[in-house]
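J.: Please find one structure pasted underneath; my questions will follow.
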Amino acid sequence: MKNKINLITTALLSILMIFTANTFAQEEKASPPRTATGGAGGSEITIKYSSPAVNGRQIWGDLVPLGEIWRAGANEATTFETSKDIKVQGKELPAGKYSFFIIPNEGESTVIFNKDTGLWGTNNYDSSKDVLRVNIPSNQSPTLEERLVYEVNYDGVEMRWEYGRAFIKID
């Protein structure tokens with residue numbers, strides 16, 4: 001009798017462990033949240049974004065239309081925070097937290113720092129709340145970057161996705 005109870009207890013514990021393992025082994029979100037941090041221009045920079053994958057799609061000019069405002073990630077609008085006043089592409093940006101948008105184009109794109117944070121995508125975007133707009137070169141990369149990535153370097157921010165690459169100079 002005691003062996004039968006031990007066998008049933010062991011079986012129930014095994015089922016519970018399998019259920020728990022499956023719960024924690026769920027797939028990663030389609031566009032998981034990411035944070036890029038680092039020092040640039042004498043300031044601590046933090047970029048919070050959702051990182052979508054290419055998944056065999058054409059990104060620039062298709063999924064992300066050229067000439068239209070893009071949330072610079074997926075889901076909520078990307079945010080850009082600087083702990084001190086900085087210069088972006090030679091123009092002043094006061095310390096603070098901003099929604100960060102991009103208008104991609106061939107050859108040159110526009111990056112936008114907007115004081116209205118907490119937006120879902122570009123819904124309710126209001127250009128009158130733009131603090132700074134600057135143009136940056138749009139470049140191509142020979143290597144595929146499957147997931148959108150931002151990197152903060154000592155002299156700026158690099159963005160890479162699919163075969164697109166852009167660098168934002170920060171002093």
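Labels used: A, B, ... for chains in the order of the structure tokens, numbers from 1 for residues in each chain, and numbers from 1 for ligands as shown.
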Excluding Ser128 (chain A) and any residue of its chain fewer than 6 positions from it, enumerate the residues within 12 Å of it, using only C-alpha atoms, and give them as a PyMOL selection string.
T.: chain A and resi 112-116
J.: Excluding Asn135 (chain A) and residues on its chain fewer than 4 positions from it, collect all residues at most 12 Å away from it, counting only C-alpha atoms, and give them as a ChimeraX atom specification.
T.: /A:88-91,101-113,166-169
J.: So what do you get for CA of Asp130 (chain A) versus CA of Thr79 (chain A), distance-wise?
T.: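 Calculated distance between CA of Asp130 (chain A) and CA of Thr79 (chain A) is 13.2 Å.
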J.: Determine, counting only C-alpha atoms, which protein, DNA and RNA residues have an atom within 10 Å of an atom of region 51-64 of chain A; residues of the same chain fewer than 2 positions away are not included. Present the result as a ChimeraX atom specification.
T.: /A:29-35,48-49,66-75,78,103-106,144-150,161-164
J.: Any idea what the distance is between CA of Leu93 (chain A) and CA of Arg165 (chain A)?
T.: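 Computing it gives 22.5 Å between the two atoms.
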J.: Pick from A:Val152, A:Ser43, A:Gly121, A:Arg160: nearest to Ala95 (chain A), with only C-alpha atoms counted?
T.: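 Looking at the shortest contact to Ala95 (chain A), the residue is A:Ser43.
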J.: May I have all residues of chain A that DSSP, computed from the backbone, assigns to strand (DSSP E), given as a PyMOL selection string?
T.: chain A and resi 33-40+43-50+78-82+86-88+91-93+96-103+108-114+130-153+156-169
J.: Interatomic distance between CA of Asp171 (chain A) and CA of Lys87 (chain A)?
T.: 5.0 Å
J.: Identify which of the residues A:Phe100, A:Asp85, A:Ser50, A:Ile170 lies closest to Ser127 (chain A), counting only C-alpha atoms when measuring atom-to-atom distances.
T.: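 Selected residue with least distance to Ser127 (chain A): A:Phe100.
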J.: Please extract the residues of chain A with a backbone DSSP assignment of alpha helix (DSSP H) and present them as a list in words.
T.: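 Matching residues, listed in order: Lys2, Asn3, Lys4, Ile5, Asn6, Leu7, Ile8, Thr9, Thr10, Ala11, Leu12, Leu13, Ser14, Ile15, Leu16, Met17, Ile18, Phe19, Thr20, Ala21, Asn22, Thr23 and Phe24 of chain A.
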J.: Between A:Thr117, A:Asn123, A:Thr82, A:Asn153, which one has atoms that come closest to Glu44 (chain A), using only C-alpha atoms?
T.: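 Closest to Glu44 (chain A) of all the choices is A:Thr82.
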J.: Which of these, A:Glu92, A:Glu151, A:Glu158, A:Glu76, has the shortest distance to Leu119 (chain A) once you count only C-alpha atoms?
T.: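 For Leu119 (chain A), the nearest of the given residues is A:Glu76.
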